[in-house]
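Participant: Hey, dropping protein-v1.pdb in here, PDB, C-alpha atoms and all ligand atoms:
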ATOM      1  CA  MET A  26     149.003 129.651  64.539  1.00  0.00           C
ATOM      2  CA  ASN A  27     151.259 130.213  61.563  1.00  0.00           C
ATOM      3  CA  SER A  28     149.534 131.021  58.282  1.00  0.00           C
ATOM      4  CA  ARG A  29     151.301 130.834  54.983  1.00  0.00           C
ATOM      5  CA  ARG A  30     148.274 130.064  52.862  1.00  0.00           C
ATOM      6  CA  VAL A  31     144.680 130.529  53.999  1.00  0.00           C
ATOM      7  CA  LEU A  32     141.294 130.199  52.376  1.00  0.00           C
ATOM      8  CA  LEU A  33     138.655 132.651  53.569  1.00  0.00           C
ATOM      9  CA  LYS A  34     134.953 131.942  53.293  1.00  0.00           C
ATOM     10  CA  LEU A  35     132.538 134.829  53.099  1.00  0.00           C
ATOM     11  CA  SER A  36     128.842 134.119  53.041  1.00  0.00           C
ATOM     12  CA  GLY A  37     126.713 135.777  50.387  1.00  0.00           C
ATOM     13  CA  GLU A  38     124.651 137.414  53.118  1.00  0.00           C
ATOM     14  CA  ALA A  39     127.775 138.979  54.604  1.00  0.00           C
ATOM     15  CA  LEU A  40     128.415 140.795  51.319  1.00  0.00           C
ATOM     16  CA  ALA A  41     124.908 142.156  51.297  1.00  0.00           C
ATOM     17  CA  GLY A  42     125.310 143.827  54.695  1.00  0.00           C
ATOM     18  CA  ALA A  43     122.067 145.385  55.883  1.00  0.00           C
ATOM     19  CA  ASN A  44     120.682 145.234  52.320  1.00  0.00           C
ATOM     20  CA  LYS A  45     120.150 141.447  52.721  1.00  0.00           C
ATOM     21  CA  THR A  46     120.444 141.022  48.953  1.00  0.00           C
ATOM     22  CA  GLY A  47     122.956 142.129  46.325  1.00  0.00           C
ATOM     23  CA  PHE A  48     126.125 143.874  47.516  1.00  0.00           C
ATOM     24  CA  ASP A  49     126.964 146.368  50.194  1.00  0.00           C
ATOM     25  CA  GLU A  50     129.916 148.274  48.768  1.00  0.00           C
ATOM     26  CA  ALA A  51     131.168 149.560  52.121  1.00  0.00           C
ATOM     27  CA  THR A  52     131.255 146.031  53.570  1.00  0.00           C
ATOM     28  CA  VAL A  53     133.208 144.643  50.624  1.00  0.00           C
ATOM     29  CA  LYS A  54     135.643 147.579  50.648  1.00  0.00           C
ATOM     30  CA  GLU A  55     136.340 146.928  54.317  1.00  0.00           C
ATOM     31  CA  VAL A  56     137.020 143.234  53.565  1.00  0.00           C
ATOM     32  CA  ALA A  57     139.390 144.344  50.779  1.00  0.00           C
ATOM     33  CA  ARG A  58     141.266 146.717  53.101  1.00  0.00           C
ATOM     34  CA  GLN A  59     141.877 143.909  55.593  1.00  0.00           C
ATOM     35  CA  VAL A  60     142.824 141.283  53.028  1.00  0.00           C
ATOM     36  CA  LYS A  61     145.344 143.708  51.520  1.00  0.00           C
ATOM     37  CA  ILE A  62     147.118 144.065  54.866  1.00  0.00           C
ATOM     38  CA  SER A  63     147.606 140.287  54.885  1.00  0.00           C
ATOM     39  CA  VAL A  64     148.602 139.989  51.229  1.00  0.00           C
ATOM     40  CA  ASP A  65     151.151 142.776  51.755  1.00  0.00           C
ATOM     41  CA  ALA A  66     152.467 140.821  54.742  1.00  0.00           C
ATOM     42  CA  GLY A  67     153.074 137.825  52.462  1.00  0.00           C
ATOM     43  CA  VAL A  68     150.059 135.628  53.222  1.00  0.00           C
ATOM     44  CA  GLU A  69     148.676 133.690  50.243  1.00  0.00           C
ATOM     45  CA  VAL A  70     144.944 134.319  50.241  1.00  0.00           C
ATOM     46  CA  GLY A  71     142.231 132.281  48.548  1.00  0.00           C
ATOM     47  CA  ILE A  72     138.607 133.383  48.713  1.00  0.00           C
ATOM     48  CA  VAL A  73     135.389 131.374  48.527  1.00  0.00           C
ATOM     49  CA  ILE A  74     132.070 133.199  48.541  1.00  0.00           C
ATOM     50  CA  GLY A  75     128.573 131.793  49.066  1.00  0.00           C
ATOM     51  CA  GLY A  76     125.556 132.746  47.016  1.00  0.00           C
ATOM     52  CA  GLY A  77     122.811 133.329  49.568  1.00  0.00           C
ATOM     53  CA  ASN A  78     122.528 137.049  48.758  1.00  0.00           C
ATOM     54  CA  PHE A  79     121.103 135.992  45.394  1.00  0.00           C
ATOM     55  CA  TRP A  80     119.871 132.424  45.444  1.00  0.00           C
ATOM     56  CA  ARG A  81     119.915 129.100  47.264  1.00  0.00           C
ATOM     57  CA  GLY A  82     119.185 125.924  45.338  1.00  0.00           C
ATOM     58  CA  ARG A  83     117.439 124.112  48.163  1.00  0.00           C
ATOM     59  CA  THR A  84     114.958 126.894  48.904  1.00  0.00           C
ATOM     60  CA  SER A  85     113.340 126.759  45.470  1.00  0.00           C
ATOM     61  CA  ASP A  86     110.935 123.879  44.919  1.00  0.00           C
ATOM     62  CA  ALA A  87     109.452 125.337  41.743  1.00  0.00           C
ATOM     63  CA  ILE A  88     112.207 123.825  39.580  1.00  0.00           C
ATOM     64  CA  ASP A  89     114.402 120.736  39.486  1.00  0.00           C
ATOM     65  CA  ARG A  90     117.116 120.840  42.202  1.00  0.00           C
ATOM     66  CA  PRO A  91     120.148 120.438  39.903  1.00  0.00           C
ATOM     67  CA  LYS A  92     118.916 123.396  37.842  1.00  0.00           C
ATOM     68  CA  ALA A  93     118.285 125.443  40.976  1.00  0.00           C
ATOM     69  CA  ASP A  94     121.810 124.581  42.130  1.00  0.00           C
ATOM     70  CA  GLN A  95     123.246 125.718  38.799  1.00  0.00           C
ATOM     71  CA  ILE A  96     121.720 129.133  39.466  1.00  0.00           C
ATOM     72  CA  GLY A  97     123.281 129.047  42.941  1.00  0.00           C
ATOM     73  CA  MET A  98     126.721 128.228  41.544  1.00  0.00           C
ATOM     74  CA  LEU A  99     126.421 131.072  39.039  1.00  0.00           C
ATOM     75  CA  ALA A 100     125.456 133.383  41.921  1.00  0.00           C
ATOM     76  CA  THR A 101     128.751 132.546  43.640  1.00  0.00           C
ATOM     77  CA  ILE A 102     130.577 133.544  40.454  1.00  0.00           C
ATOM     78  CA  MET A 103     128.751 136.872  40.269  1.00  0.00           C
ATOM     79  CA  ASN A 104     129.799 137.471  43.865  1.00  0.00           C
ATOM     80  CA  CYS A 105     133.425 136.653  43.100  1.00  0.00           C
ATOM     81  CA  ILE A 106     133.477 138.960  40.063  1.00  0.00           C
ATOM     82  CA  TYR A 107     132.200 141.839  42.193  1.00  0.00           C
ATOM     83  CA  VAL A 108     134.528 141.235  45.127  1.00  0.00           C
ATOM     84  CA  SER A 109     137.507 140.620  42.835  1.00  0.00           C
ATOM     85  CA  GLU A 110     136.944 144.011  41.180  1.00  0.00           C
ATOM     86  CA  ILE A 111     136.680 145.794  44.533  1.00  0.00           C
ATOM     87  CA  PHE A 112     139.929 144.041  45.543  1.00  0.00           C
ATOM     88  CA  ARG A 113     141.592 145.295  42.353  1.00  0.00           C
ATOM     89  CA  ASN A 114     140.378 148.825  43.070  1.00  0.00           C
ATOM     90  CA  ALA A 115     142.030 148.451  46.476  1.00  0.00           C
ATOM     91  CA  GLY A 116     145.368 147.648  44.796  1.00  0.00           C
ATOM     92  CA  MET A 117     145.452 143.852  44.795  1.00  0.00           C
ATOM     93  CA  SER A 118     145.935 141.478  41.841  1.00  0.00           C
ATOM     94  CA  THR A 119     143.287 138.788  41.555  1.00  0.00           C
ATOM     95  CA  GLN A 120     142.281 135.763  39.521  1.00  0.00           C
ATOM     96  CA  ILE A 121     138.959 133.935  39.482  1.00  0.00           C
ATOM     97  CA  LEU A 122     139.033 130.177  38.910  1.00  0.00           C
ATOM     98  CA  THR A 123     135.938 128.040  38.339  1.00  0.00           C
ATOM     99  CA  PRO A 124     135.437 124.268  38.107  1.00  0.00           C
ATOM    100  CA  PHE A 125     133.665 124.714  34.725  1.00  0.00           C
ATOM    101  CA  GLU A 126     134.274 126.995  31.754  1.00  0.00           C
ATOM    102  CA  CYS A 127     132.710 130.467  31.867  1.00  0.00           C
ATOM    103  CA  GLY A 128     134.113 131.759  28.625  1.00  0.00           C
ATOM    104  CA  SER A 129     136.522 134.632  29.183  1.00  0.00           C
ATOM    105  CA  MET A 130     134.966 135.637  32.504  1.00  0.00           C
ATOM    106  CA  THR A 131     137.001 133.198  34.598  1.00  0.00           C
ATOM    107  CA  GLU A 132     139.664 130.535  34.131  1.00  0.00           C
ATOM    108  CA  LEU A 133     139.237 126.824  34.634  1.00  0.00           C
ATOM    109  CA  PHE A 134     140.499 125.647  38.028  1.00  0.00           C
ATOM    110  CA  SER A 135     143.516 123.418  38.342  1.00  0.00           C
ATOM    111  CA  LYS A 136     145.855 123.075  41.286  1.00  0.00           C
ATOM    112  CA  ASP A 137     148.849 124.016  39.119  1.00  0.00           C
ATOM    113  CA  ARG A 138     147.121 127.126  37.851  1.00  0.00           C
ATOM    114  CA  ALA A 139     146.078 128.208  41.344  1.00  0.00           C
ATOM    115  CA  ASN A 140     149.618 127.636  42.625  1.00  0.00           C
ATOM    116  CA  LYS A 141     150.986 129.747  39.788  1.00  0.00           C
ATOM    117  CA  TYR A 142     148.695 132.650  40.712  1.00  0.00           C
ATOM    118  CA  PHE A 143     149.464 132.345  44.412  1.00  0.00           C
ATOM    119  CA  GLY A 144     153.128 132.469  43.464  1.00  0.00           C
ATOM    120  CA  GLU A 145     152.493 135.731  41.625  1.00  0.00           C
ATOM    121  CA  GLY A 146     151.021 137.260  44.770  1.00  0.00           C
ATOM    122  CA  LYS A 147     147.462 137.193  43.445  1.00  0.00           C
ATOM    123  CA  VAL A 148     144.372 136.686  45.544  1.00  0.00           C
ATOM    124  CA  VAL A 149     142.752 133.584  44.044  1.00  0.00           C
ATOM    125  CA  PHE A 150     138.955 133.359  44.011  1.00  0.00           C
ATOM    126  CA  PHE A 151     137.601 129.812  43.925  1.00  0.00           C
ATOM    127  CA  ALA A 152     134.171 130.503  42.420  1.00  0.00           C
ATOM    128  CA  GLY A 153     131.368 128.178  41.333  1.00  0.00           C
ATOM    129  CA  GLY A 154     131.607 125.884  44.358  1.00  0.00           C
ATOM    130  CA  THR A 155     132.456 122.286  43.541  1.00  0.00           C
ATOM    131  CA  GLY A 156     130.775 122.561  40.154  1.00  0.00           C
ATOM    132  CA  HIS A 157     128.205 119.952  41.217  1.00  0.00           C
ATOM    133  CA  PRO A 158     124.639 120.214  42.465  1.00  0.00           C
ATOM    134  CA  TYR A 159     123.706 119.066  45.987  1.00  0.00           C
ATOM    135  CA  PHE A 160     126.923 120.549  47.349  1.00  0.00           C
ATOM    136  CA  SER A 161     127.579 123.927  48.960  1.00  0.00           C
ATOM    137  CA  THR A 162     130.363 126.464  49.066  1.00  0.00           C
ATOM    138  CA  ASP A 163     131.205 124.991  52.501  1.00  0.00           C
ATOM    139  CA  THR A 164     132.112 121.802  50.669  1.00  0.00           C
ATOM    140  CA  GLY A 165     133.737 123.905  47.964  1.00  0.00           C
ATOM    141  CA  ILE A 166     136.096 125.565  50.425  1.00  0.00           C
ATOM    142  CA  ALA A 167     136.874 122.283  52.199  1.00  0.00           C
ATOM    143  CA  LEU A 168     137.737 120.686  48.867  1.00  0.00           C
ATOM    144  CA  ARG A 169     139.892 123.561  47.647  1.00  0.00           C
ATOM    145  CA  ALA A 170     141.633 124.091  50.999  1.00  0.00           C
ATOM    146  CA  ILE A 171     142.584 120.417  51.149  1.00  0.00           C
ATOM    147  CA  GLU A 172     143.635 120.268  47.524  1.00  0.00           C
ATOM    148  CA  MET A 173     145.611 123.540  47.731  1.00  0.00           C
ATOM    149  CA  GLU A 174     147.236 122.442  51.014  1.00  0.00           C
ATOM    150  CA  ALA A 175     146.057 125.530  52.871  1.00  0.00           C
ATOM    151  CA  ASP A 176     147.107 125.941  56.486  1.00  0.00           C
ATOM    152  CA  TYR A 177     143.654 127.008  57.628  1.00  0.00           C
ATOM    153  CA  ILE A 178     140.115 127.604  56.516  1.00  0.00           C
ATOM    154  CA  LEU A 179     138.936 130.944  57.884  1.00  0.00           C
ATOM    155  CA  LEU A 180     135.215 131.391  58.394  1.00  0.00           C
ATOM    156  CA  ALA A 181     134.157 135.013  58.818  1.00  0.00           C
ATOM    157  CA  LYS A 182     130.666 134.857  60.311  1.00  0.00           C
ATOM    158  CA  SER A 183     128.060 137.143  61.789  1.00  0.00           C
ATOM    159  CA  ILE A 184     128.746 135.387  65.124  1.00  0.00           C
ATOM    160  CA  ASP A 185     132.133 135.611  66.884  1.00  0.00           C
ATOM    161  CA  GLY A 186     132.901 131.908  67.266  1.00  0.00           C
ATOM    162  CA  VAL A 187     131.452 128.476  67.989  1.00  0.00           C
ATOM    163  CA  TYR A 188     129.035 128.253  70.941  1.00  0.00           C
ATOM    164  CA  ASP A 189     127.606 125.223  72.752  1.00  0.00           C
ATOM    165  CA  SER A 190     124.119 126.557  71.950  1.00  0.00           C
ATOM    166  CA  ASP A 191     122.647 129.493  70.050  1.00  0.00           C
ATOM    167  CA  PRO A 192     123.562 132.703  71.931  1.00  0.00           C
ATOM    168  CA  LYS A 193     120.644 134.469  70.251  1.00  0.00           C
ATOM    169  CA  THR A 194     118.193 132.244  72.119  1.00  0.00           C
ATOM    170  CA  ASN A 195     120.300 131.101  75.110  1.00  0.00           C
ATOM    171  CA  PRO A 196     121.914 133.899  77.160  1.00  0.00           C
ATOM    172  CA  ASN A 197     124.034 131.267  78.965  1.00  0.00           C
ATOM    173  CA  ALA A 198     125.570 129.909  75.759  1.00  0.00           C
ATOM    174  CA  VAL A 199     129.309 129.323  76.162  1.00  0.00           C
ATOM    175  CA  LYS A 200     131.844 130.055  73.435  1.00  0.00           C
ATOM    176  CA  TYR A 201     134.588 127.513  72.732  1.00  0.00           C
ATOM    177  CA  GLU A 202     138.125 128.782  72.332  1.00  0.00           C
ATOM    178  CA  LYS A 203     139.101 125.466  70.818  1.00  0.00           C
ATOM    179  CA  ILE A 204     137.041 122.444  69.804  1.00  0.00           C
ATOM    180  CA  SER A 205     137.681 119.401  67.630  1.00  0.00           C
ATOM    181  CA  ILE A 206     135.837 118.961  64.366  1.00  0.00           C
ATOM    182  CA  GLN A 207     134.689 115.561  65.653  1.00  0.00           C
ATOM    183  CA  GLU A 208     132.949 117.261  68.583  1.00  0.00           C
ATOM    184  CA  VAL A 209     131.444 119.839  66.236  1.00  0.00           C
ATOM    185  CA  ILE A 210     129.973 116.946  64.219  1.00  0.00           C
ATOM    186  CA  GLU A 211     128.797 114.969  67.280  1.00  0.00           C
ATOM    187  CA  LYS A 212     127.149 117.996  68.884  1.00  0.00           C
ATOM    188  CA  GLN A 213     125.765 119.181  65.543  1.00  0.00           C
ATOM    189  CA  LEU A 214     127.118 122.679  66.149  1.00  0.00           C
ATOM    190  CA  GLY A 215     126.711 123.536  62.484  1.00  0.00           C
ATOM    191  CA  VAL A 216     129.995 125.401  61.907  1.00  0.00           C
ATOM    192  CA  ILE A 217     130.059 124.184  58.327  1.00  0.00           C
ATOM    193  CA  ASP A 218     127.770 121.643  56.746  1.00  0.00           C
ATOM    194  CA  LEU A 219     128.192 117.950  57.486  1.00  0.00           C
ATOM    195  CA  THR A 220     129.751 116.962  54.162  1.00  0.00           C
ATOM    196  CA  ALA A 221     132.382 119.684  54.544  1.00  0.00           C
ATOM    197  CA  SER A 222     132.971 118.801  58.221  1.00  0.00           C
ATOM    198  CA  ILE A 223     133.645 115.162  57.394  1.00  0.00           C
ATOM    199  CA  MET A 224     136.056 116.171  54.645  1.00  0.00           C
ATOM    200  CA  CYS A 225     137.955 118.458  57.015  1.00  0.00           C
ATOM    201  CA  MET A 226     138.094 115.707  59.644  1.00  0.00           C
ATOM    202  CA  GLU A 227     139.290 113.037  57.217  1.00  0.00           C
ATOM    203  CA  ASN A 228     141.924 115.300  55.696  1.00  0.00           C
ATOM    204  CA  LYS A 229     143.012 117.060  58.897  1.00  0.00           C
ATOM    205  CA  MET A 230     142.079 120.549  57.769  1.00  0.00           C
ATOM    206  CA  PRO A 231     141.703 122.968  60.699  1.00  0.00           C
ATOM    207  CA  LEU A 232     139.283 125.881  60.707  1.00  0.00           C
ATOM    208  CA  ALA A 233     139.077 129.178  62.510  1.00  0.00           C
ATOM    209  CA  VAL A 234     135.747 130.876  63.133  1.00  0.00           C
ATOM    210  CA  PHE A 235     135.601 134.576  63.956  1.00  0.00           C
ATOM    211  CA  SER A 236     133.332 137.575  63.568  1.00  0.00           C
ATOM    212  CA  LEU A 237     133.238 139.568  60.375  1.00  0.00           C
ATOM    213  CA  ASN A 238     132.292 142.515  62.587  1.00  0.00           C
ATOM    214  CA  GLU A 239     135.406 142.324  64.779  1.00  0.00           C
ATOM    215  CA  LYS A 240     137.663 145.296  64.088  1.00  0.00           C
ATOM    216  CA  ASP A 241     140.437 143.996  61.806  1.00  0.00           C
ATOM    217  CA  GLY A 242     139.070 140.475  62.381  1.00  0.00           C
ATOM    218  CA  ILE A 243     140.026 139.216  58.922  1.00  0.00           C
ATOM    219  CA  ALA A 244     143.491 140.783  59.010  1.00  0.00           C
ATOM    220  CA  ASN A 245     144.062 139.372  62.500  1.00  0.00           C
ATOM    221  CA  ALA A 246     142.862 135.902  61.532  1.00  0.00           C
ATOM    222  CA  MET A 247     144.993 135.858  58.391  1.00  0.00           C
ATOM    223  CA  GLN A 248     148.016 136.606  60.488  1.00  0.00           C
ATOM    224  CA  GLY A 249     147.212 133.897  62.999  1.00  0.00           C
ATOM    225  CA  LYS A 250     145.432 135.865  65.707  1.00  0.00           C
ATOM    226  CA  ILE A 251     142.054 134.240  66.269  1.00  0.00           C
ATOM    227  CA  ASN A 252     139.659 135.882  68.692  1.00  0.00           C
ATOM    228  CA  GLY A 253     136.923 133.389  67.895  1.00  0.00           C
ATOM    229  CA  THR A 254     137.170 129.598  67.929  1.00  0.00           C
ATOM    230  CA  ILE A 255     139.806 127.268  66.527  1.00  0.00           C
ATOM    231  CA  VAL A 256     138.357 124.007  65.231  1.00  0.00           C
ATOM    232  CA  THR A 257     141.071 121.385  65.263  1.00  0.00           C
ATOM    233  CA  ALA A 258     141.082 118.447  62.866  1.00  0.00           C
TER
HETATM  234  N1  LIG B 301     125.917 125.288  45.013  1.00  0.00           N
HETATM  235  C1  LIG B 301     125.997 124.033  44.409  1.00  0.00           C
HETATM  236  N2  LIG B 301     127.169 123.338  44.443  1.00  0.00           N
HETATM  237  C2  LIG B 301     128.294 123.813  45.036  1.00  0.00           C
HETATM  238  C3  LIG B 301     128.227 125.083  45.670  1.00  0.00           C
HETATM  239  C4  LIG B 301     127.028 125.795  45.635  1.00  0.00           C
HETATM  240  O1  LIG B 301     125.027 123.555  43.852  1.00  0.00           O
HETATM  241  O2  LIG B 301     129.341 123.125  45.023  1.00  0.00           O
HETATM  242  C5  LIG B 301     124.673 126.079  44.893  1.00  0.00           C
HETATM  243  C6  LIG B 301     123.566 125.661  45.851  1.00  0.00           C
HETATM  244  O3  LIG B 301     122.350 125.830  45.183  1.00  0.00           O
HETATM  245  C7  LIG B 301     123.689 126.672  46.988  1.00  0.00           C
HETATM  246  C8  LIG B 301     124.080 127.916  46.236  1.00  0.00           C
HETATM  247  O4  LIG B 301     124.937 127.444  45.188  1.00  0.00           O
HETATM  248  O5  LIG B 301     122.456 126.851  47.653  1.00  0.00           O
HETATM  249  C9  LIG B 301     124.805 128.963  47.035  1.00  0.00           C
HETATM  250  O6  LIG B 301     125.912 128.399  47.728  1.00  0.00           O
HETATM  251  P1  LIG B 301     126.029 128.543  49.315  1.00  0.00           P
HETATM  252  O7  LIG B 301     127.135 127.693  49.791  1.00  0.00           O
HETATM  253  O8  LIG B 301     126.000 129.980  49.686  1.00  0.00           O
HETATM  254  O9  LIG B 301     124.689 127.895  49.736  1.00  0.00           O
HETATM  255  P2  LIG B 301     123.985 127.629  51.110  1.00  0.00           P
HETATM  256  O10 LIG B 301     124.828 126.658  51.874  1.00  0.00           O
HETATM  257  O11 LIG B 301     123.884 128.974  51.794  1.00  0.00           O
HETATM  258  O12 LIG B 301     122.708 127.079  50.588  1.00  0.00           O
END
What does this structure look like when you write it as structure tokens?
Facilitator:
Amino acid sequence: MNSRRVLLKLSGEALAGANKTGFDEATVKEVARQVKISVDAGVEVGIVIGGGNFWRGRTSDAIDRPKADQIGMLATIMNCIYVSEIFRNAGMSTQILTPFECGSMTELFSKDRANKYFGEGKVVFFAGGTGHPYFSTDTGIALRAIEMEADYILLAKSIDGVYDSDPKTNPNAVKYEKISIQEVIEKQLGVIDLTASIMCMENKMPLAVFSLNEKDGIANAMQGKINGTIVTA
């Protein structure tokens, strides 16, 4: 697996570590250390971060869903600002792009702009999801990976790959080394949400799923060594 440009998805919960909410500085610093190894090796790295450590639109029924989703999208931007700063402290250059204006906090996304920053060796954060309610950052990363012609989507998860059933409840669950996205959809294995899965299938965007807890898992994955599951498109 040869990676020139990859987009990495981190869930909001992953950033929170054991805290479950907000940020766990040690976790984010460790992500930064590993991403830097890859950036220094010449890999172009884009980052998409979820918002679950702050807010999820669909879990609030007190307010209108589009408004709840706006809060969720803003949560993903807060996450990107934090992680981007930790990356800078670790010696990387970064740029945050969003699908809507956020004043001087971020820049508006365009493919040309993102390509320019990749060309400058910057880590590009694609924050704010798709910019639309009823979507997720899974769809956000599928969209940006396809549009930016990434080689792979990398999904760093709390689990070390794709299993035929939940290993937490089934001790006989079997991990796939390789599986097609079509099979993931048919078997409802829930690697990424359905909208994002269909987009990856239609646009032939492969994914790699691996554990965030694997030693050097991110660095390995960014340099093409996947110890989890490859999802072919
Ligand atoms: N969100 C959205 N549109 C997007 C991306 C995210 O409305 O394109 C909102 C949505 O409310 C979501 C929240 O942002 O619940 C956090 O995103 P994440 O992908 O982490 O959500 P999850 O899939 O965990 O609900």
Participant: Considering all atoms listed in the file, return as a list in words whatever protein or nucleic-acid residues lie within 10 Å of A:Ile204, sequence-local ones (same chain, fewer than 3 positions apart) excluded.
Facilitator: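 Final neighbour list, sorted by chain and number: Val187, Tyr188, Lys200, Tyr201, Gln207, Glu208, Val209, Leu232, Thr254, Ile255, Val256, Thr257 and Ala258 of chain A.
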Participant: Counting only C-alpha atoms, which of A:Ser85, A:Asn104, A:Asn114, A:Asn228 gets nearest to A:Tyr177?
Facilitator: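 For A:Tyr177, the nearest of the given residues is A:Asn228.
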Participant: Going by the chain IDs and residue numbers used in this file, which residues fall under the PyMOL selection byres (((chain A and resi 42) around 12) and not hetatm)? Write them as a list in words.
Facilitator: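 Selected by the PyMOL selection byres (((chain A and resi 42) around 12) and not hetatm) in this file: Leu35, Ser36, Gly37, Glu38, Ala39, Leu40, Ala41, Ala43, Asn44, Lys45, Thr46, Gly47, Phe48, Asp49, Glu50, Ala51, Thr52, Val53, Lys54, Glu55, Val56, Gly77, Asn78, Lys182, Ser183, Leu237 and Asn238 of chain A.
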Participant: Let me make sure I understand: among A:Lys61, A:Thr131, A:Lys212, A:Lys136, which one has the smallest atom-to-atom distance to A:Arg113 if we use all atoms listed in the file?
Facilitator: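 Using all atoms listed in the file, the shortest distance to A:Arg113 belongs to A:Lys61.
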Participant: Residues of chain A within 8 Å of ligand LIG 301 (chain B): nearest atom pair and distance (Å, one decimal) for each, counting only C-alpha atoms and all ligand atoms, sorted by chain and number, as CSV?
Facilitator:
residue,atom,partner,partner_atom,distance
A:Ser36,CA,B:LIG301,O8,6.0
A:Gly37,CA,B:LIG301,O8,5.9
A:Ile74,CA,B:LIG301,O8,7.0
A:Gly75,CA,B:LIG301,O8,3.2
A:Gly76,CA,B:LIG301,C9,3.9
A:Gly77,CA,B:LIG301,O8,4.6
A:Asn78,CA,B:LIG301,O8,7.9
A:Trp80,CA,B:LIG301,C8,6.2
A:Arg81,CA,B:LIG301,O5,3.4
A:Gly82,CA,B:LIG301,O3,3.2
A:Arg83,CA,B:LIG301,O5,5.7
A:Thr84,CA,B:LIG301,O5,7.6
A:Arg90,CA,B:LIG301,O3,7.8
A:Pro91,CA,B:LIG301,O1,7.0
A:Ala93,CA,B:LIG301,O3,5.9
A:Asp94,CA,B:LIG301,O3,3.3
A:Gln95,CA,B:LIG301,O1,5.8
A:Ile96,CA,B:LIG301,O3,6.6
A:Gly97,CA,B:LIG301,O4,3.2
A:Met98,CA,B:LIG301,O4,4.1
A:Leu99,CA,B:LIG301,O4,7.3
A:Ala100,CA,B:LIG301,C9,6.8
A:Thr101,CA,B:LIG301,C9,6.3
A:Gly153,CA,B:LIG301,C3,6.2
A:Gly154,CA,B:LIG301,O2,3.6
A:Thr155,CA,B:LIG301,O2,3.6
A:Gly156,CA,B:LIG301,O2,5.1
A:His157,CA,B:LIG301,N2,4.8
A:Pro158,CA,B:LIG301,O1,3.6
A:Tyr159,CA,B:LIG301,O1,5.1
A:Phe160,CA,B:LIG301,N2,4.0
A:Ser161,CA,B:LIG301,C3,3.5
A:Thr162,CA,B:LIG301,O7,3.5
A:Asp163,CA,B:LIG301,O7,5.6
A:Thr164,CA,B:LIG301,O2,6.4
A:Gly165,CA,B:LIG301,O2,5.3
A:Asp218,CA,B:LIG301,O10,7.6
Participant: Can you turn the PyMOL selection byres (((chain A and resi 243) around 9) and not hetatm) into a concrete residue list for this file, as a PyMOL selection string?
Facilitator: chain A and resi 33+56+59-60+63+179+181+235-237+239-242+244-248
Participant: Given the file shown, enumerate the residues that the PyMOL selection byres (((chain A and resi 222) around 9) and not hetatm) captures and present them as a VMD selection string.
Facilitator: chain A and resid 163 to 164 167 206 to 207 209 to 210 215 to 221 223 to 227
Participant: Those same residues, written as a compact mmCIF listing (two decimals), in the coordinates of the input with C-alpha atoms?
Facilitator:
# COMPACT_ATOMS: atom_id res chain seq x y z
CA ASP A 163 131.21 124.99 52.50
CA THR A 164 132.11 121.80 50.67
CA ALA A 167 136.87 122.28 52.20
CA ILE A 206 135.84 118.96 64.37
CA GLN A 207 134.69 115.56 65.65
CA VAL A 209 131.44 119.84 66.24
CA ILE A 210 129.97 116.95 64.22
CA GLY A 215 126.71 123.54 62.48
CA VAL A 216 130.00 125.40 61.91
CA ILE A 217 130.06 124.18 58.33
CA ASP A 218 127.77 121.64 56.75
CA LEU A 219 128.19 117.95 57.49
CA THR A 220 129.75 116.96 54.16
CA ALA A 221 132.38 119.68 54.54
CA ILE A 223 133.65 115.16 57.39
CA MET A 224 136.06 116.17 54.64
CA CYS A 225 137.96 118.46 57.02
CA MET A 226 138.09 115.71 59.64
CA GLU A 227 139.29 113.04 57.22
Participant: Quick check, in Å to one decimal: how far apart do atom CA of A:Asp176 and atom CA of A:Leu32 lie?
Facilitator: 8.3 Å
Participant: Counting all atoms listed in the file, which residue out of A:Cys127, A:Met117, A:Val149, A:Ala87 sits closest to A:Gly71?
Facilitator: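 Checking each candidate against A:Gly71, we get A:Val149 as the closest.
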Participant: What's the 9 Å shell around A:Ala175, counting all atoms listed in the file, without same-chain residues fewer than 3 positions away, as a PDB file with C-alpha atoms, keeping the file's coordinate frame?
Facilitator:
ATOM      1  CA  SER A  28     149.534 131.021  58.282  1.00  0.00           C
ATOM      2  CA  ARG A  29     151.301 130.834  54.983  1.00  0.00           C
ATOM      3  CA  ARG A  30     148.274 130.064  52.862  1.00  0.00           C
ATOM      4  CA  VAL A  31     144.680 130.529  53.999  1.00  0.00           C
ATOM      5  CA  LEU A  32     141.294 130.199  52.376  1.00  0.00           C
ATOM      6  CA  GLU A  69     148.676 133.690  50.243  1.00  0.00           C
ATOM      7  CA  GLY A  71     142.231 132.281  48.548  1.00  0.00           C
ATOM      8  CA  ARG A 169     139.892 123.561  47.647  1.00  0.00           C
ATOM      9  CA  ALA A 170     141.633 124.091  50.999  1.00  0.00           C
ATOM     10  CA  ILE A 171     142.584 120.417  51.149  1.00  0.00           C
ATOM     11  CA  GLU A 172     143.635 120.268  47.524  1.00  0.00           C
ATOM     12  CA  ILE A 178     140.115 127.604  56.516  1.00  0.00           C
ATOM     13  CA  MET A 230     142.079 120.549  57.769  1.00  0.00           C
TER      14      MET A 230
END
Participant: Point out the residue among A:Ile102, A:Ile72, A:Leu214, A:Leu168 with the least atom-to-atom distance to A:Phe150, counting only C-alpha atoms.
Facilitator: A:Ile72
Participant: What does the distance from atom CA of A:Val73 to atom CA of A:Phe151 come to in Å, to one decimal?
Facilitator: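 These atoms are spaced 5.3 Å apart.
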Participant: Which of these, A:Gly116, A:Pro196, A:Gly253, A:Gly67, has the shortest distance to A:Ile184 once you count only C-alpha atoms?
Facilitator: A:Gly253
Participant: Considering only C-alpha atoms, state which residue in the set A:Val148, A:Ser129, A:Leu180, A:Tyr142 is at the smallest distance from A:Val68.
Facilitator: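 Distance minimum relative to A:Val68 lands on A:Val148.
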